[in-house]
Structure formats: structure tokens, C-alpha cells
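Asker: Handing you a structure now.
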Amino acid sequence: MMSVIEPSVNDYVEIIKPLPLRLRLSYGIGHVLNDVCASMWFTYLLVYFHFVLQFDSILSGIVLLVGQVADALATPFVGIQSDITDGFWLCKYGRRKSWHLVGTICVLGSFPFIFSSCIHCENSDHWAQLIYYSSFVIIFQFGWASVQISHLSLIPDLTPCEHERTSLTAIRYSFTVISNIFVYVITWSVLHMTDDSNAQIGSKDGHKFQMIVLICIGVGAVTSFVFHLFVKEQNLHNSAIASSPGSKKSIGHLLSSLQLYQVGAVYMATRLFVNLSQVYVPLYLHETLNKSAESLAVVPLVMFLSSFVVSLVVKPLNQRFGRKIAYFQGAVIGIGACTWIYFDTGDINFKTYFIYVVAVMLGASGSVMLVTSLGITADFIGPNTDNGAFVYGAMSFSDKLSNGVGVTIIQYLKCSAHSQCTRYYGNVLGFACGGAALFGVISVFTLVPFKYNRIGGKSYSPVEEEPSEAENVISPSQQT
């Protein structure tokens, strides 16, 4: 009987090649459309509905809740369908890229209507308008989920190397930050056209938000086209590196894994911190600090400039200290910023100068926590790329549902009298965002190293503080 010759470790080293720069950049811009829409969604949705359309705080929160619930329900569906290899004709284009294309069309066709007046119903009751806007919100969120899950699940499909995956995640997040910076620069430029530089957002500014949205989705459409043109999908599960006996896990097996819920808790806490700070910093500036309309673009811009700078050092930070310590460092900075906001007494120096220091701290902490949590998720997937989209869908389900419920509760608890609520959004940033960061730290330290069969049958655990032998084996491909 002929014996089967197992590939040597050196054979695997030759297989793992550094990803071309063109592929990395093309992959990174594939989420720009989602990023610019998410920036508008989380930063300005409540501002637009509450101050421009004059919806009350509860109805404004319900609009966001509808979107988050729709997204939460769509992500597991998209994740499962994206993992299926059934020979469907569109999947010849690529199972991940097919869903990305469908999602892009949905986003482009629905998002402009969310930041526009209700067509032929602008004078209707707000509850009636809520139904109108909710229909577009649901289509948008389905499309957004399709793009997000397909784009994330491409990471473990493109490379089996954990540090290459971290690099792709960092590049992806860098473009996310650039996209947010772009949105805030455009928003500042458009809002700056107001006659009174000290004026706050009001019903007169509806056309300005429409202009901002059209510019943003125009840029997003171009970057999505470039992504589809240059990124070629491949399935590493069929390669020599990923194909090992029992490497594929069933969905039932994943759902019975405690680590899935631990990783989900880390990701959920991180997204709560990032998204709630993005949602409530503008409202904090408007109602608590009485800042002008321009500041609603300038302060978030500072946050994301800080995020961009810090995102460049997240990869070496993870390599040097490990996932847990890197995440802890980011969370400590975020908790410090939230504590500073909570204890602010309305001092003029804080309102004029120190708010920008706080913005830098929030941006830096969010960058470290988010990139690290995405790296932990990719580590959990490991070589089991056939379930990658489902895992990312499960992560996103917890993220979207928790954010939607959280924002709705926060909006519901807000008192109606403005004079009695001046400190409300400062308390929200202190307790909700600070509490989310603390919960993320607790969750990440409960994680034990992920164990799965890897190169040459060796056990690999990427969340350990020291690189394992398997990690050192593939180091030639990490030099880029």
C-alpha cells in the first residue's frame, strides 16, 4: 500500500506569500461605502431626526432601533448564505463578492432617502413618517449587513497568516477612519456655509444633509467599483494549508462553543463603546456644551484623526504585547476619557480646549480596541474559513442588537425639559461608554487561547502573550 506523504513545515512556509500591496489597498477600500454611511448613520441620524425633522427623542431612537434590529437579523442570514458553496450561478463570481455586490446596490438605492424629507408626506404625523423612513432603513441595513459580512469574511479567505490578517484588518480600519474623516470634513465644509458661525443645527439645514449624503455615496460607489475590479476571491479551505482532517466545524458545533460567546462579548462591548461615543458626542456638544453646528463636525473629526494615527501602530502593539494587553491599554484610555467627561463641571477651559483632548483619547482607544477585537475574531475562526461569515454574522448580531436597544433605552430615559437635561448626555458618555469599555476588558481576560489543528498538526493559540512555534514558522510572510 502506498503511504501518504505529509507536507513538511517548509512546504507551508513557501505557500504563504505576502499579499500584494494592490490587493491590500483594493480590499481596504471595499468597505468605504459602508463606512461613510455608518458615519452619517451613527453620528448624525439622531441629530437629523431630532433637530432637523423635529421628531421627539423617543421617535428618533426608534428609527435607529429599527435599523439596528434589521441589521441584527440580516447578519446571521447573510453569514450563513455567504458560507454556502452550492454552485449558484452568481457564486462563480465569488460567494463573498456576490453578496458584497447585492449589498452595495441596496445601500446606494436606499440611503439617500433616509436623510431627505418624506416625499409627499413631509406634513404628515411623525408616526406616519416613521413607517416611510423605516422601509428605507430596513433596505439600507440589509445591504449594509451584506457588504460588512462579505467583506469581513474575505480576510481569512485571502490569507491563513494571522499577522497578515491583522494587517488587512488594520488597513480596513485605516480606510474606515479615513472615510469618517472625509465625512466630517465634508460636513464641516457644508455646515460652514451658514451665515451665523455660532448657529446650531435646525430645520433649515435639511438640504445641507442631503448634499453631504450625495457626495459621500458618490465616493463610496467609486471605491466599491475598484474593489470589485481588483480583488479576486479565493477559498483557502481548499488549499493545502487549511485542509486538515476535522478542520471544518458545523454551525451547531460553533454555537455550542463557549469561546464564541466570549469573543462575541468582547466584540459587542467594543462596538458599544465606539458606536455610542460616535452617537452621543454630537448630542453632548449640542445640548450640554452648547457648541455651534461646526463643532459637530470638528470634534468628531479630531476623534477620527486620532483613530487614524493610532491605527498605524495597532499591529506592532498586538505583536509586542499580545491581544489582551493591547486591548487593555486601549480600554484604559477610553475609560479615562469617559471619566473626564462625567466629572466635567462646565468649565470654560474644558469646553474650549480640553474637549479636543478628550476627543483624541476616545479616538485612540476606539482604534486599539476595535482592531484588536477584530483580530481576536479572526483568530477564533482560524483555518475554518468555511464558517467565517457565520462567525462574523454572529458577532455583528450581538453588536447591532445591543446598540439598538442601548440607544432606545437612553433616548427613552431622557427627560423632556431641556433645562433639566443639560448633563444627560455627559452622564451617558460617562456611564454607558465607560461601562462598555470596562465590560470589554473583563471579557477579554476571560478568554483562554484558541486551540485548533494548524501547520504540521501543531497546536496554535494566537491570543497567548508569547508567539507560539507555529507563529514563528510563518514569520517570513509577516515581514510586510
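Just so we're on the same page: first chain in the C-alpha cells is A, next is B, and so on; residues restart at 1 for each chain, and ligands are numbered from 1 in the order they show up.
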What are the closest atom pairs, with distances in Å to one decimal, for each residue of segment 73-137 of chain A lying within 10 Å of segment 50-61 of chain A, using only C-alpha atoms, rows by chain and rising residue number, as CSV?
Answerer:
residue,atom,partner,partner_atom,distance
A:Phe115,CA,A:Leu53,CA,9.6
A:Ser116,CA,A:Leu53,CA,9.4
A:Ser117,CA,A:Leu53,CA,7.9
A:Cys118,CA,A:Leu53,CA,9.5
A:Glu122,CA,A:Leu53,CA,8.9
A:Asp125,CA,A:Phe55,CA,9.9
A:His126,CA,A:Phe55,CA,6.7
A:Trp127,CA,A:Leu59,CA,7.9
A:Gln129,CA,A:Phe55,CA,9.8
A:Leu130,CA,A:Leu59,CA,7.8
Asker: For each of A:Thr159, A:Asn387, A:Ser295, A:Thr166, take the minimum atom-to-atom distance to Ala199 of chain A, counting only C-alpha atoms, then give the residue where this is smallest.
Answerer: A:Ser295
Asker: Using only C-alpha atoms, find each residue of segment 211-236 of chain A with at least one atom at most 8 Å away from an atom of segment 27-40 of chain A; report its shortest atom-to-atom pair and that distance in Å (one decimal), sort the rows by chain and rising residue number, and return the result as a Markdown table.
Answerer:
| residue | atom | partner | partner_atom | distance |
| --- | --- | --- | --- | --- |
| A:Val213 | CA | A:Met40 | CA | 7.8 |
| A:Cys216 | CA | A:Val36 | CA | 6.2 |
| A:Ile217 | CA | A:Leu33 | CA | 6.3 |
| A:Val219 | CA | A:Leu33 | CA | 7.4 |
| A:Gly220 | CA | A:Leu33 | CA | 3.8 |
| A:Ala221 | CA | A:Leu33 | CA | 6.5 |
| A:Thr223 | CA | A:Ile29 | CA | 5.7 |
| A:Ser224 | CA | A:Gly30 | CA | 5.2 |
| A:Val226 | CA | A:Gly30 | CA | 7.6 |
| A:Phe227 | CA | A:Gly30 | CA | 4.9 |
| A:His228 | CA | A:Gly30 | CA | 7.7 |
| A:Val231 | CA | A:Tyr27 | CA | 6.3 |
Asker: For Gly366 of chain A, list every protein, DNA or RNA residue within 8 Å, evaluated using only C-alpha atoms, and leave out those in the same chain fewer than 4 positions away; present the list as a PyMOL selection string.
Answerer: chain A and resi 270+273-274+307+330-331+334+362+370
Asker: Create the file for the chosen residues now, containing C-alpha atoms and written as a PDB file, in the first residue's frame.
Answerer:
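Printed below is result-v2.pdb as written:
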ATOM      1  CA  THR A 270     -16.097  47.244  21.795  1.00  0.00           C
ATOM      2  CA  PHE A 273     -18.051  51.864  23.192  1.00  0.00           C
ATOM      3  CA  VAL A 274     -17.216  53.023  19.649  1.00  0.00           C
ATOM      4  CA  SER A 307      -8.019  56.937  15.416  1.00  0.00           C
ATOM      5  CA  GLY A 330      -6.880  50.924  24.675  1.00  0.00           C
ATOM      6  CA  ALA A 331      -9.708  50.416  27.157  1.00  0.00           C
ATOM      7  CA  GLY A 334     -11.215  55.171  26.833  1.00  0.00           C
ATOM      8  CA  LEU A 362     -11.779  58.495  22.621  1.00  0.00           C
ATOM      9  CA  LEU A 370     -11.755  47.675  17.617  1.00  0.00           C
TER      10      LEU A 370
END
Asker: Measure the distance from atom CA of Tyr132 of chain A to atom CA of Leu214 of chain A in Å and round it to one decimal.
Answerer: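 Interatomic distance here is 19.8 Å.
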Asker: Give the answer as one residue: which of A:Val263, A:Val444, A:Leu272, A:Ala359 has the shortest atom-to-atom distance to Gly322 of chain A, using only C-alpha atoms?
Answerer: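 Counting only C-alpha atoms, the residue closest to Gly322 of chain A is A:Val444.
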Asker: Write out as number ranges by chain each polymer residue whose atoms come within 6 Å of segment 93-96 of chain A, counting only C-alpha atoms; drop sequence neighbours fewer than 3 positions from it.
Answerer: A: 82, 90, 99, 150, 233
Asker: Using C-alpha atoms, can you write the selected residues to a file as a PDB file, in the first residue's frame?
Answerer:
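Dumped to result14.pdb:
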ATOM      1  CA  SER A  82     -22.322  33.545   2.264  1.00  0.00           C
ATOM      2  CA  LEU A  90     -23.652  34.206  -9.131  1.00  0.00           C
ATOM      3  CA  TRP A  99     -23.177  39.347  -1.506  1.00  0.00           C
ATOM      4  CA  SER A 150     -18.915  39.526   2.993  1.00  0.00           C
ATOM      5  CA  GLU A 233     -11.785  35.906  -4.266  1.00  0.00           C
TER       6      GLU A 233
END
Asker: If you count only C-alpha atoms, which residues fall within 7 Å of Thr43 of chain A, apart from same-chain ones fewer than 4 positions away, as a list of chain:residue names?
Answerer: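 The residues that qualify are A:Ser39, A:Gln278, A:Val279, A:Pro282.
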Asker: One decimal, Å: what's the distance from atom CA of Val428 of chain A over to atom CA of Ser396 of chain A, could you say?
Answerer: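 Atom-to-atom, atom CA of Val428 of chain A to atom CA of Ser396 of chain A, that is 22.8 Å.
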